[in-house]
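Take a look at the structure set out below.
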Amino acid sequence: MLNDRFWGSVRGFLLPAVGLVIVFTLSSTELVFGQEEMAVIAAPAEEAVIAPPLSPENFGLVNTILLLSAVLVIFMQAGFALVEVGLNSGKNAINILSKNVLDFCLGVTLFFAFGYAIMYPGADFAGGYFGIDKTRIFAIPDHDGAGFLSPQIDFLFQAAFAATAATIVSGAVAGRMKFGSYLVYTAVITGLVYPIVGFWKWGGGWLNTAGFHDFAGSGLVHMLGGVAGLAGAIVLGPRIGRFSKDGKSSPIPGHNITFVALGVFILLIGWYGFNPGSQFGAPTAALGMADINAYGLIATNTTLAACAGGIIGLMVAWLATGKPDLTMALNGILGGLVGITANCDCVSNASALIIGGVAGAVCYAAVVLLDLVKIDDPVGAFPVHGACGAWGLIAAALFGGKDMAAQLTGTAAIAVWAFVTMGALFFIMKMVGFLRVSQEEELSGLDLSEHGMQAYVADSM
Amino acid sequence: MLNDRFWGSVRGFLLPAVGLVIVFTLSSTELVFGQEEMAVIAAPAEEAVIAPPLSPENFGLVNTILLLSAVLVIFMQAGFALVEVGLNSGKNAINILSKNVLDFCLGVTLFFAFGYAIMYPGADFAGGYFGIDKTRIFAIPDHDGAGFLSPQIDFLFQAAFAATAATIVSGAVAGRMKFGSYLVYTAVITGLVYPIVGFWKWGGGWLNTAGFHDFAGSGLVHMLGGVAGLAGAIVLGPRIGRFSKDGKSSPIPGHNITFVALGVFILLIGWYGFNPGSQFGAPTAALGMADINAYGLIATNTTLAACAGGIIGLMVAWLATGKPDLTMALNGILGGLVGITANCDCVSNASALIIGGVAGAVCYAAVVLLDLVKIDDPVGAFPVHGACGAWGLIAAALFGGKDMAAQLTGTAAIAVWAFVTMGALFFIMKMVGFLRVSQEEELSGLDLSEHGMQAYVADSM
Amino acid sequence: MLNDRFWGSVRGFLLPAVGLVIVFTLSSTELVFGQEEMAVIAAPAEEAVIAPPLSPENFGLVNTILLLSAVLVIFMQAGFALVEVGLNSGKNAINILSKNVLDFCLGVTLFFAFGYAIMYPGADFAGGYFGIDKTRIFAIPDHDGAGFLSPQIDFLFQAAFAATAATIVSGAVAGRMKFGSYLVYTAVITGLVYPIVGFWKWGGGWLNTAGFHDFAGSGLVHMLGGVAGLAGAIVLGPRIGRFSKDGKSSPIPGHNITFVALGVFILLIGWYGFNPGSQFGAPTAALGMADINAYGLIATNTTLAACAGGIIGLMVAWLATGKPDLTMALNGILGGLVGITANCDCVSNASALIIGGVAGAVCYAAVVLLDLVKIDDPVGAFPVHGACGAWGLIAAALFGGKDMAAQLTGTAAIAVWAFVTMGALFFIMKMVGFLRVSQEEELSGLDLSEHGMQAYVADSM
């Protein structure tokens, strides 16, 4: 039986790995993604980056702050892990943590190998598989600092974003998805799906040309992850016992809400890297010391939206159920943060309060709606990241003076892209029997069945 | 019964909200707080801020470090939440977390709406209710960076301080206070009580004129919160079972000391925003690159005081009880941090060790004293923040060469202000039956009775 | 009996303290460590630091980033605490947390009093016991910023490193060592053993002269701690029940793997202070804005090595046991971080992936090896910090072009120094019966027997 498990694991690990290498290699040819055409589109943006150099002191300031912002964004991985673990059963904690840890490890590695070069064709970074001289990969990069951003720091900041997009999904599919198939999913989203949609806007692609505005990724990062999670939750189906046969909804309580609250505080802290940090990280913007005031505006707007989201989330739940539900306040905070991410650079403080407050209500409504249509999203990944991400894109038009047609176009394009590509991947894995664990494994918990260990050993407590 | 609860919640939430709107609106008239007079007092300080502009690079450096310092101070919210949750029973965890989360959300929002303008009348910030052109509230602020601080960043740093003052209290009143009444308390302290006392010193008010020194808030933030918590603990009375009828003290053990230790480490980290960050945040100081060495001195003094507080806290407990009590080491660290906060800019490293060590002993003595007089402060909010805060103000005279008379005047004024205003608020709420939960609710835990949920679900573990 | 315990604690606490004061006082004479000779060796390095001053803006940038890096390194204390607590039994949680908290408190205090002056003789810092005018200790240091580093900030960064070296050991000796003897150990390593080995390289000593390269401390910090932990684990012997009499290995499961994962994320975040921060902290390097690109390279290399370590750690465990073992992925991440620490400044991104991946495998192999030879290292301190630390030093020659002979010399010298000095200390404490708790105390857990309290109180949950 051990032998069976061994070979099962090899099949579950090595075969998908070989398949992925083939997909990535094919995708590196210009036939698949029209890389050459992309490079042409992106060229002006790239030129603009190199042209006006900063003073040495400002080059130092912009890049050190950007690196510290990347560190804050990477810290969000811990926040996501705690939120998702806490809101699920303790018998699946090891599995969720494993997914979050590997999200980051695989995500950064694949974004280094493929993603960054897809998203920013022609960028001066030695890691990418496309568009660069492959002999340079074992050389230490030298860069004279003539541009705005140190290439290594720019890469790290972008890689942290890619890993964030991936990790949003793990909560939506918690409790019933095979670990091996999750690794395939995370490789595809960080290596291909996110970089391509990121290229559309931040790499200088068609959404950028169309005037679409998404400052730090309400759509490109959060809605992408939220909609991918929704696709996963639909294809997987609900956990056993979540909806009874007569249609009754039976929420499965989380096992440690203190972890959830700590995770939300960590995510809030990380968002100060995500949003204000992006002021120094967007390669199409003219970076300079005038940006400091924008840096402050973005941080204050982010804070106010989070606070309003928390207050309205709690208030709506209190009025609807008669109890102040902490998890709705926490989800409201996250919803407010997601909602302000697209528009934090172009709205007033008072608008930020309204955007965050509406996001808190949108999040609650989306939770109720998913429950009605019997989709099981254990942590509310779609309500928080999907619904509030769309709201943030629209709010950029309503409150920030951006073009509504472009915002709606971008919202639809990103949502369709995420749902179709990731839905297809989940569906294919389901068809070949490589998506959902067996009923026995699910009931005993994924920690024991998939990982052979438990997160909490009562005897040793 | 659900209907009862629904309307009860509306009463517990909407009626206080309406009352608060009336209080804040009244307080915005010059009749209540003599705003006009305040503005006159504050004018010279404000002028001094605008006068000598920094170089663009230094403007960028000072403001980005101040923003990152604000992020560290905001992270302290997570630290307070973990310390307070861990030191209390698990049946009240949701309640304590809810209080901490709403502290931050309501605190920042009300400090935006009212508090900042009360504390810094005439400041160039578009959020405040007082003293500014109200048509600007929906405009994106433009600021040419002519002064020292970007207004949005200055606001965020100050708002993080206001939320800290509020959250100190939640531990002292844990386990028996209604959630709705706690929200009223937190609105009053962050919207009115803290900003007024903050104005006295940092806004250029009478304590500033009197030569009172409180560098980063041993008194204005920590002692204010600690004394407000003491008032709450006295008015509420002890938890059921904390003191038996024959006068015996029965400490109620915390449910998760690992959370407490993690919380203390997070608070320590946050203090590097609180203390060194204030070097760049105090609008009355002349900011420049000479401040870098002060920035370092403050950080090292803060570290040494924390370490000495931890060592002495552990040692005193060890000698007194025969056991090295971890919680006293942890409280000693926090006491050392509170004690150095007022004087970290004006004492030597060796003095910092002494100040921190004495704070560790003061903290232990205050815990013993509260126990003797049968006041139930479940987390030691008064020993850590009240007693060590007062010690820090006095130490600024003993070790930092500040005027002892001014320090004693300020200590007394802040303590009386906190005790009288917050004591009166708690007393009024007690009189109208809107302060303490019923005996049944307390025994079953506030999580079930107030929030209808549990933090830890054993079945799902 | 209480009286017995009281005097026992005094003996366990005060007698060692008196002994340590004598040792430190003796060590301050030039006879013991040849301080005068050291100062001569170090002089050129110190001269080089003072010579070319930075512009005021760059002085501000370098020092503020260095201080924030110190904060990140201090945050690693929380990460170590969580990893070690989570991987051990809950009945020893208070004990482990106490050790970690006191590590930091005692470590920083003793590094202030003795260590810094031993490690950097002649440095312009008022805290040290050696080589400075002792009348200055109660004066506030004034520094004109003529050199690269503000002395207070340099001290804080170095003190954070010293505390890290100490805390690595606490996991290896968990579950059976007396608390009082642990305090003696931590005083000796941070006050004497680490500063002396640090002087060899970073203070300008003989390893520096020999061309040994250890950028941020794979050897000087991590291998030192890992080998010291190995010495402790050998002298102490395994925990009861870890190896049965017929030689069977029975791993004792950790009680909370969520804490472990959170701890690893916190350590990852802290490493961005440890490695990139060292670019601004090494007093022998010429600091300037050209360092910004190096700052980025180091951060990206650190990230890639962590990711590769996690992937390979998981993969090796999966292939060997048939299950994806989360703890091996987490240890692989830490191993990758340790492995890249010595060479992150001088290898390419692709090399960083290889170094980290090999470290993940080295870590797994070392865990298996320790199990075979029946050494009980409960958290894998030697595999992660010792074995991967040595690998990092060698990788600097293999991938970074450093001199292999110098690397091997340094690796051997540090390992022998750590094993002999700390092994001797552990052995002496064992001989006088002041090392290991009794069998009853170990079985009941150190929390109750040594501290008289429990970390988790089920009744109050």
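A note on labels: chains of the structure tokens are A, B, ... as shown, every chain counts residues from 1, and ligands are counted from 1 in their shown order.
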
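Within 7 Å of range 354-359 of chain A, once only C-alpha atoms are used and residues closer than 3 positions along the same chain are dropped, the contacting residues are Ala305, Ala306, Ala308, Gly309, Ile312, Gly332, Gly335, Gly336, Gly339, Ile340, Ala350, Ser351, Val362, Cys363, Cys388 and Ala395 of chain A.
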
Polymer residues at most 8 Å from range 149-160 of chain A, only C-alpha atoms, same-chain spacing of 3 or more positions, as a PyMOL selection string: (chain A and resi 59+62-63+66-67+69-70+73-74+107-108+111-112+116+124-125+143+145+163-164+281+283) or (chain C and resi 292-293+296-297+299-300)

Write the residues of the selection above to a file with N, CA, C and O atoms, as a JSON list (two decimals), in the first residue's frame.
[["chain", "number", "residue", "atom", "x", "y", "z"],
["A", 59, "PHE", "N", 16.82, 57.86, -7.05],
["A", 59, "PHE", "CA", 16.86, 56.47, -7.51],
["A", 59, "PHE", "C", 16.96, 55.54, -6.31],
["A", 59, "PHE", "O", 16.27, 54.52, -6.23],
["A", 62, "VAL", "N", 13.42, 55.71, -4.32],
["A", 62, "VAL", "CA", 12.33, 55.01, -5.00],
["A", 62, "VAL", "C", 12.53, 53.50, -4.93],
["A", 62, "VAL", "O", 11.59, 52.75, -4.64],
["A", 63, "ASN", "N", 13.74, 53.05, -5.14],
["A", 63, "ASN", "CA", 13.96, 51.61, -5.22],
["A", 63, "ASN", "C", 13.99, 50.93, -3.86],
["A", 63, "ASN", "O", 13.53, 49.80, -3.72],
["A", 66, "LEU", "N", 10.45, 50.71, -2.86],
["A", 66, "LEU", "CA", 9.78, 49.68, -3.65],
["A", 66, "LEU", "C", 10.14, 48.28, -3.13],
["A", 66, "LEU", "O", 9.28, 47.40, -3.05],
["A", 67, "LEU", "N", 11.40, 48.09, -2.75],
["A", 67, "LEU", "CA", 11.78, 46.79, -2.22],
["A", 67, "LEU", "C", 11.07, 46.51, -0.89],
["A", 67, "LEU", "O", 10.55, 45.41, -0.66],
["A", 69, "SER", "N", 8.28, 47.72, -0.05],
["A", 69, "SER", "CA", 6.88, 47.46, -0.42],
["A", 69, "SER", "C", 6.70, 46.02, -0.89],
["A", 69, "SER", "O", 5.69, 45.37, -0.55],
["A", 70, "ALA", "N", 7.66, 45.52, -1.64],
["A", 70, "ALA", "CA", 7.60, 44.11, -2.07],
["A", 70, "ALA", "C", 7.59, 43.19, -0.84],
["A", 70, "ALA", "O", 6.86, 42.20, -0.81],
["A", 73, "VAL", "N", 4.17, 43.14, 0.55],
["A", 73, "VAL", "CA", 3.26, 42.33, -0.28],
["A", 73, "VAL", "C", 3.52, 40.84, -0.04],
["A", 73, "VAL", "O", 2.58, 40.04, 0.05],
["A", 74, "ILE", "N", 4.79, 40.47, 0.09],
["A", 74, "ILE", "CA", 5.10, 39.06, 0.36],
["A", 74, "ILE", "C", 4.53, 38.64, 1.71],
["A", 74, "ILE", "O", 4.06, 37.51, 1.88],
["A", 107, "GLY", "N", 4.99, 29.95, -7.49],
["A", 107, "GLY", "CA", 4.58, 31.17, -8.17],
["A", 107, "GLY", "C", 5.77, 32.04, -8.52],
["A", 107, "GLY", "O", 5.93, 32.48, -9.66],
["A", 108, "VAL", "N", 6.62, 32.30, -7.52],
["A", 108, "VAL", "CA", 7.78, 33.17, -7.77],
["A", 108, "VAL", "C", 8.73, 32.51, -8.77],
["A", 108, "VAL", "O", 9.25, 33.17, -9.67],
["A", 111, "PHE", "N", 7.15, 32.66, -12.23],
["A", 111, "PHE", "CA", 7.12, 34.05, -12.70],
["A", 111, "PHE", "C", 8.52, 34.49, -13.10],
["A", 111, "PHE", "O", 8.68, 35.27, -14.04],
["A", 112, "PHE", "N", 9.51, 33.98, -12.38],
["A", 112, "PHE", "CA", 10.91, 34.24, -12.76],
["A", 112, "PHE", "C", 11.22, 33.60, -14.10],
["A", 112, "PHE", "O", 11.84, 34.22, -14.98],
["A", 116, "TYR", "N", 7.33, 36.88, -15.88],
["A", 116, "TYR", "CA", 7.77, 38.27, -16.00],
["A", 116, "TYR", "C", 8.04, 38.65, -17.44],
["A", 116, "TYR", "O", 7.69, 39.74, -17.89],
["A", 124, "ASP", "N", 14.50, 44.85, -19.01],
["A", 124, "ASP", "CA", 15.92, 44.61, -18.79],
["A", 124, "ASP", "C", 16.11, 43.75, -17.54],
["A", 124, "ASP", "O", 16.59, 44.20, -16.52],
["A", 125, "PHE", "N", 15.72, 42.50, -17.64],
["A", 125, "PHE", "CA", 15.80, 41.60, -16.49],
["A", 125, "PHE", "C", 16.31, 40.25, -16.95],
["A", 125, "PHE", "O", 15.80, 39.69, -17.91],
["A", 143, "HIS", "N", 23.64, 46.72, -13.78],
["A", 143, "HIS", "CA", 22.67, 47.71, -14.22],
["A", 143, "HIS", "C", 23.18, 49.05, -13.75],
["A", 143, "HIS", "O", 23.54, 49.22, -12.60],
["A", 145, "GLY", "N", 21.64, 51.79, -13.40],
["A", 145, "GLY", "CA", 20.70, 52.66, -12.71],
["A", 145, "GLY", "C", 20.28, 53.85, -13.53],
["A", 145, "GLY", "O", 19.93, 54.90, -12.99],
["A", 163, "ALA", "N", 2.26, 36.08, -7.05],
["A", 163, "ALA", "CA", 1.99, 35.08, -6.02],
["A", 163, "ALA", "C", 0.70, 35.39, -5.27],
["A", 163, "ALA", "O", 0.00, 34.49, -4.81],
["A", 164, "THR", "N", 0.38, 36.69, -5.16],
["A", 164, "THR", "CA", -0.87, 37.07, -4.51],
["A", 164, "THR", "C", -2.07, 36.59, -5.32],
["A", 164, "THR", "O", -3.04, 36.06, -4.75],
["A", 281, "GLY", "N", 6.08, 51.65, -8.45],
["A", 281, "GLY", "CA", 6.34, 50.42, -9.19],
["A", 281, "GLY", "C", 5.76, 50.37, -10.59],
["A", 281, "GLY", "O", 6.11, 49.46, -11.34],
["A", 283, "PRO", "N", 5.71, 51.01, -14.21],
["A", 283, "PRO", "CA", 6.77, 51.50, -15.10],
["A", 283, "PRO", "C", 6.29, 52.51, -16.12],
["A", 283, "PRO", "O", 7.11, 53.11, -16.78],
["C", 292, "ILE", "N", 22.33, 50.21, -4.55],
["C", 292, "ILE", "CA", 20.89, 49.94, -4.68],
["C", 292, "ILE", "C", 20.65, 48.72, -5.57],
["C", 292, "ILE", "O", 19.80, 47.87, -5.26],
["C", 293, "ASN", "N", 21.39, 48.63, -6.66],
["C", 293, "ASN", "CA", 21.21, 47.45, -7.51],
["C", 293, "ASN", "C", 21.64, 46.17, -6.81],
["C", 293, "ASN", "O", 21.01, 45.12, -6.97],
["C", 296, "GLY", "N", 18.91, 45.11, -4.53],
["C", 296, "GLY", "CA", 17.87, 44.38, -5.24],
["C", 296, "GLY", "C", 18.29, 42.96, -5.60],
["C", 296, "GLY", "O", 17.51, 42.01, -5.44],
["C", 297, "LEU", "N", 19.52, 42.80, -6.07],
["C", 297, "LEU", "CA", 20.02, 41.47, -6.42],
["C", 297, "LEU", "C", 19.96, 40.54, -5.21],
["C", 297, "LEU", "O", 19.51, 39.39, -5.30],
["C", 299, "ALA", "N", 18.08, 40.76, -2.57],
["C", 299, "ALA", "CA", 16.70, 40.45, -2.18],
["C", 299, "ALA", "C", 16.09, 39.40, -3.10],
["C", 299, "ALA", "O", 15.42, 38.47, -2.66],
["C", 300, "THR", "N", 16.33, 39.54, -4.41],
["C", 300, "THR", "CA", 15.77, 38.58, -5.36],
["C", 300, "THR", "C", 16.43, 37.22, -5.19],
["C", 300, "THR", "O", 15.75, 36.18, -5.20]]

At most 8 Å is the cut-off: for each residue in chain B with any atom that close to an atom of chain C, write down the nearest atom pair and the distance in Å rounded to one decimal, counting only C-alpha atoms, chain first then increasing number, as JSON lines.
{"residue": "B:Glu57", "atom": "CA", "partner": "C:Glu57", "partner_atom": "CA", "distance": 6.6}
{"residue": "B:Asn58", "atom": "CA", "partner": "C:Glu57", "partner_atom": "CA", "distance": 6.2}
{"residue": "B:Leu61", "atom": "CA", "partner": "C:Leu61", "partner_atom": "CA", "distance": 6.9}
{"residue": "B:Ile65", "atom": "CA", "partner": "C:Thr64", "partner_atom": "CA", "distance": 7.5}
{"residue": "B:Asn88", "atom": "CA", "partner": "C:Ser460", "partner_atom": "CA", "distance": 8.0}
{"residue": "B:Ser89", "atom": "CA", "partner": "C:Ser460", "partner_atom": "CA", "distance": 4.6}
{"residue": "B:Gly90", "atom": "CA", "partner": "C:Met461", "partner_atom": "CA", "distance": 3.7}
{"residue": "B:Lys91", "atom": "CA", "partner": "C:Met461", "partner_atom": "CA", "distance": 5.5}
{"residue": "B:Pro253", "atom": "CA", "partner": "C:Val457", "partner_atom": "CA", "distance": 7.0}
{"residue": "B:Gly254", "atom": "CA", "partner": "C:Val457", "partner_atom": "CA", "distance": 6.9}
{"residue": "B:His255", "atom": "CA", "partner": "C:Val457", "partner_atom": "CA", "distance": 4.8}
{"residue": "B:Asn256", "atom": "CA", "partner": "C:Tyr456", "partner_atom": "CA", "distance": 4.8}
{"residue": "B:Ile257", "atom": "CA", "partner": "C:Ala455", "partner_atom": "CA", "distance": 4.8}
{"residue": "B:Thr258", "atom": "CA", "partner": "C:Ala455", "partner_atom": "CA", "distance": 6.6}
{"residue": "B:Ala261", "atom": "CA", "partner": "C:Leu97", "partner_atom": "CA", "distance": 7.0}
{"residue": "B:Leu262", "atom": "CA", "partner": "C:Ala78", "partner_atom": "CA", "distance": 6.1}
{"residue": "B:Phe265", "atom": "CA", "partner": "C:Ala78", "partner_atom": "CA", "distance": 5.9}
{"residue": "B:Ile266", "atom": "CA", "partner": "C:Phe75", "partner_atom": "CA", "distance": 7.5}
{"residue": "B:Ile269", "atom": "CA", "partner": "C:Val71", "partner_atom": "CA", "distance": 6.4}
{"residue": "B:Tyr272", "atom": "CA", "partner": "C:Val71", "partner_atom": "CA", "distance": 7.2}
{"residue": "B:Met289", "atom": "CA", "partner": "C:Gly60", "partner_atom": "CA", "distance": 6.1}
{"residue": "B:Ala290", "atom": "CA", "partner": "C:Gly145", "partner_atom": "CA", "distance": 7.7}
{"residue": "B:Ile292", "atom": "CA", "partner": "C:Gly60", "partner_atom": "CA", "distance": 6.0}
{"residue": "B:Asn293", "atom": "CA", "partner": "C:Ser150", "partner_atom": "CA", "distance": 5.7}
{"residue": "B:Gly296", "atom": "CA", "partner": "C:Ile153", "partner_atom": "CA", "distance": 4.8}
{"residue": "B:Leu297", "atom": "CA", "partner": "C:Gln152", "partner_atom": "CA", "distance": 5.5}
{"residue": "B:Ala299", "atom": "CA", "partner": "C:Ile153", "partner_atom": "CA", "distance": 7.7}
{"residue": "B:Thr300", "atom": "CA", "partner": "C:Leu156", "partner_atom": "CA", "distance": 6.0}
{"residue": "B:Leu304", "atom": "CA", "partner": "C:Thr109", "partner_atom": "CA", "distance": 6.6}
{"residue": "B:Ala306", "atom": "CA", "partner": "C:Cys105", "partner_atom": "CA", "distance": 7.4}
{"residue": "B:Cys307", "atom": "CA", "partner": "C:Cys105", "partner_atom": "CA", "distance": 4.0}
{"residue": "B:Ala308", "atom": "CA", "partner": "C:Cys105", "partner_atom": "CA", "distance": 6.7}
{"residue": "B:Gly310", "atom": "CA", "partner": "C:Cys105", "partner_atom": "CA", "distance": 6.4}
{"residue": "B:Ile311", "atom": "CA", "partner": "C:Cys105", "partner_atom": "CA", "distance": 6.4}
{"residue": "B:Trp318", "atom": "CA", "partner": "C:Ser9", "partner_atom": "CA", "distance": 7.1}
{"residue": "B:Leu319", "atom": "CA", "partner": "C:Phe6", "partner_atom": "CA", "distance": 6.8}
{"residue": "B:Ala320", "atom": "CA", "partner": "C:Phe6", "partner_atom": "CA", "distance": 7.9}
{"residue": "B:Thr321", "atom": "CA", "partner": "C:Phe6", "partner_atom": "CA", "distance": 6.9}
{"residue": "B:Gly322", "atom": "CA", "partner": "C:Phe6", "partner_atom": "CA", "distance": 4.2}
{"residue": "B:Lys323", "atom": "CA", "partner": "C:His451", "partner_atom": "CA", "distance": 5.2}
{"residue": "B:Pro324", "atom": "CA", "partner": "C:His451", "partner_atom": "CA", "distance": 5.5}
{"residue": "B:Asp325", "atom": "CA", "partner": "C:His451", "partner_atom": "CA", "distance": 5.9}
{"residue": "B:Leu326", "atom": "CA", "partner": "C:Ser98", "partner_atom": "CA", "distance": 5.7}
{"residue": "B:Ala329", "atom": "CA", "partner": "C:Val101", "partner_atom": "CA", "distance": 8.0}
{"residue": "B:Leu330", "atom": "CA", "partner": "C:Val101", "partner_atom": "CA", "distance": 7.9}
{"residue": "B:Cys346", "atom": "CA", "partner": "C:Ile140", "partner_atom": "CA", "distance": 7.3}
{"residue": "B:Val347", "atom": "CA", "partner": "C:Ile140", "partner_atom": "CA", "distance": 6.1}
{"residue": "B:Ser348", "atom": "CA", "partner": "C:Ile140", "partner_atom": "CA", "distance": 4.5}
{"residue": "B:Asn349", "atom": "CA", "partner": "C:Gly127", "partner_atom": "CA", "distance": 6.9}
{"residue": "B:Ala350", "atom": "CA", "partner": "C:Phe138", "partner_atom": "CA", "distance": 5.8}
{"residue": "B:Ser351", "atom": "CA", "partner": "C:Phe138", "partner_atom": "CA", "distance": 6.6}
{"residue": "B:Tyr456", "atom": "CA", "partner": "C:Met461", "partner_atom": "CA", "distance": 7.6}

DSSP alpha helix (DSSP H) residues within range 112-353 of chain B, as a ChimeraX atom specification: /B:116-119,151-172,179-188,194-201,206-209,224-236,257-281,291-321,326-341,349-353

For range 426-436 of chain B, find every residue with an atom within 6 Å (counting only C-alpha atoms), except residues of its own chain fewer than 3 positions away, and show them as a PDB file with all heavy atoms, in the first residue's frame.
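selection-v7.pdb was written with the following content:
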ATOM      1  N   ARG B 176     -16.898  41.321  30.257  1.00  0.00           N
ATOM      2  CA  ARG B 176     -18.167  41.664  30.916  1.00  0.00           C
ATOM      3  C   ARG B 176     -18.841  42.894  30.363  1.00  0.00           C
ATOM      4  O   ARG B 176     -19.905  43.278  30.824  1.00  0.00           O
ATOM      5  CB  ARG B 176     -17.964  41.802  32.423  1.00  0.00           C
ATOM      6  CG  ARG B 176     -17.073  42.978  32.855  1.00  0.00           C
ATOM      7  CD  ARG B 176     -15.732  42.519  33.322  1.00  0.00           C
ATOM      8  NE  ARG B 176     -15.060  43.455  34.196  1.00  0.00           N
ATOM      9  CZ  ARG B 176     -13.786  43.849  34.031  1.00  0.00           C
ATOM     10  NH1 ARG B 176     -13.072  43.423  33.008  1.00  0.00           N
ATOM     11  NH2 ARG B 176     -13.222  44.660  34.892  1.00  0.00           N
ATOM     12  N   MET B 177     -18.274  43.565  29.368  1.00  0.00           N
ATOM     13  CA  MET B 177     -18.854  44.813  28.856  1.00  0.00           C
ATOM     14  C   MET B 177     -19.630  44.537  27.580  1.00  0.00           C
ATOM     15  O   MET B 177     -19.207  43.761  26.738  1.00  0.00           O
ATOM     16  CB  MET B 177     -17.730  45.813  28.586  1.00  0.00           C
ATOM     17  CG  MET B 177     -18.192  47.200  28.163  1.00  0.00           C
ATOM     18  SD  MET B 177     -16.769  48.343  28.142  1.00  0.00           S
ATOM     19  CE  MET B 177     -17.549  49.816  27.462  1.00  0.00           C
ATOM     20  N   LYS B 178     -20.783  45.230  27.425  1.00  0.00           N
ATOM     21  CA  LYS B 178     -21.571  45.069  26.207  1.00  0.00           C
ATOM     22  C   LYS B 178     -20.800  45.592  24.998  1.00  0.00           C
ATOM     23  O   LYS B 178     -20.102  46.605  25.087  1.00  0.00           O
ATOM     24  CB  LYS B 178     -22.873  45.864  26.323  1.00  0.00           C
ATOM     25  CG  LYS B 178     -23.909  45.221  27.214  1.00  0.00           C
ATOM     26  CD  LYS B 178     -25.239  45.929  27.097  1.00  0.00           C
ATOM     27  CE  LYS B 178     -26.159  45.370  28.178  1.00  0.00           C
ATOM     28  NZ  LYS B 178     -27.567  45.436  27.826  1.00  0.00           N
ATOM     29  N   SER B 181     -21.916  49.218  23.947  1.00  0.00           N
ATOM     30  CA  SER B 181     -21.414  50.300  24.789  1.00  0.00           C
ATOM     31  C   SER B 181     -19.923  50.503  24.556  1.00  0.00           C
ATOM     32  O   SER B 181     -19.415  51.619  24.662  1.00  0.00           O
ATOM     33  CB  SER B 181     -21.707  50.016  26.259  1.00  0.00           C
ATOM     34  OG  SER B 181     -21.316  48.713  26.603  1.00  0.00           O
ATOM     35  N   GLY B 423     -14.411  57.979  33.004  1.00  0.00           N
ATOM     36  CA  GLY B 423     -15.159  57.471  34.150  1.00  0.00           C
ATOM     37  C   GLY B 423     -16.613  57.940  34.086  1.00  0.00           C
ATOM     38  O   GLY B 423     -17.541  57.160  34.333  1.00  0.00           O
TER      39      GLY B 423
END

Atomic distance CA of Ser170 in chain B - CA of Asp214 in chain B, expressed in Å with one decimal: 23.6 Å

Separation of CA of Tyr120 in chain C from CA of Asn343 in chain C in Å: 22.5 Å

For Asp371 in chain C: contacts at 12 Å, only C-alpha atoms, fewer than 4 positions along chain excluded, given as a list of chain:residue names: C:Pro238, C:Arg242, C:Phe243, C:Gly247, C:Lys248, C:Ser249, C:Ser250, C:Pro251, C:Tyr364, C:Ala365, C:Ala366, C:Val367, C:Ile375, C:Asp376, C:Asp377, C:Pro378, C:Gly380, C:Phe382, C:Pro383

CA of Gly217 in chain B to CA of Leu337 in chain B, distance in Å rounded to a single decimal: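 Straight-line distance from CA of Gly217 in chain B to CA of Leu337 in chain B works out to 10.9 Å.
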
Long-range neighbours of Lys402 in chain C as a list in words, 7 Å cut-off, only C-alpha atoms, 5 positions minimum in chain: His213, Ala396 and Ala397 of chain C

How would the residues just picked look written out with C-alpha atoms as an mmCIF file, in the first residue's frame?
data_model
loop_
_atom_site.group_PDB
_atom_site.id
_atom_site.type_symbol
_atom_site.label_atom_id
_atom_site.label_comp_id
_atom_site.auth_asym_id
_atom_site.auth_seq_id
_atom_site.Cartn_x
_atom_site.Cartn_y
_atom_site.Cartn_z
ATOM 1 C CA HIS C 213 33.588 35.410 2.414
ATOM 2 C CA ALA C 396 30.153 31.086 -2.270
ATOM 3 C CA ALA C 397 33.201 29.377 -3.762
#

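In this comparison, which uses only C-alpha atoms, the residue of A:Met119, A:Ile168, A:Ile234, A:Leu268 approaching Leu192 in chain A most closely is A:Met119.
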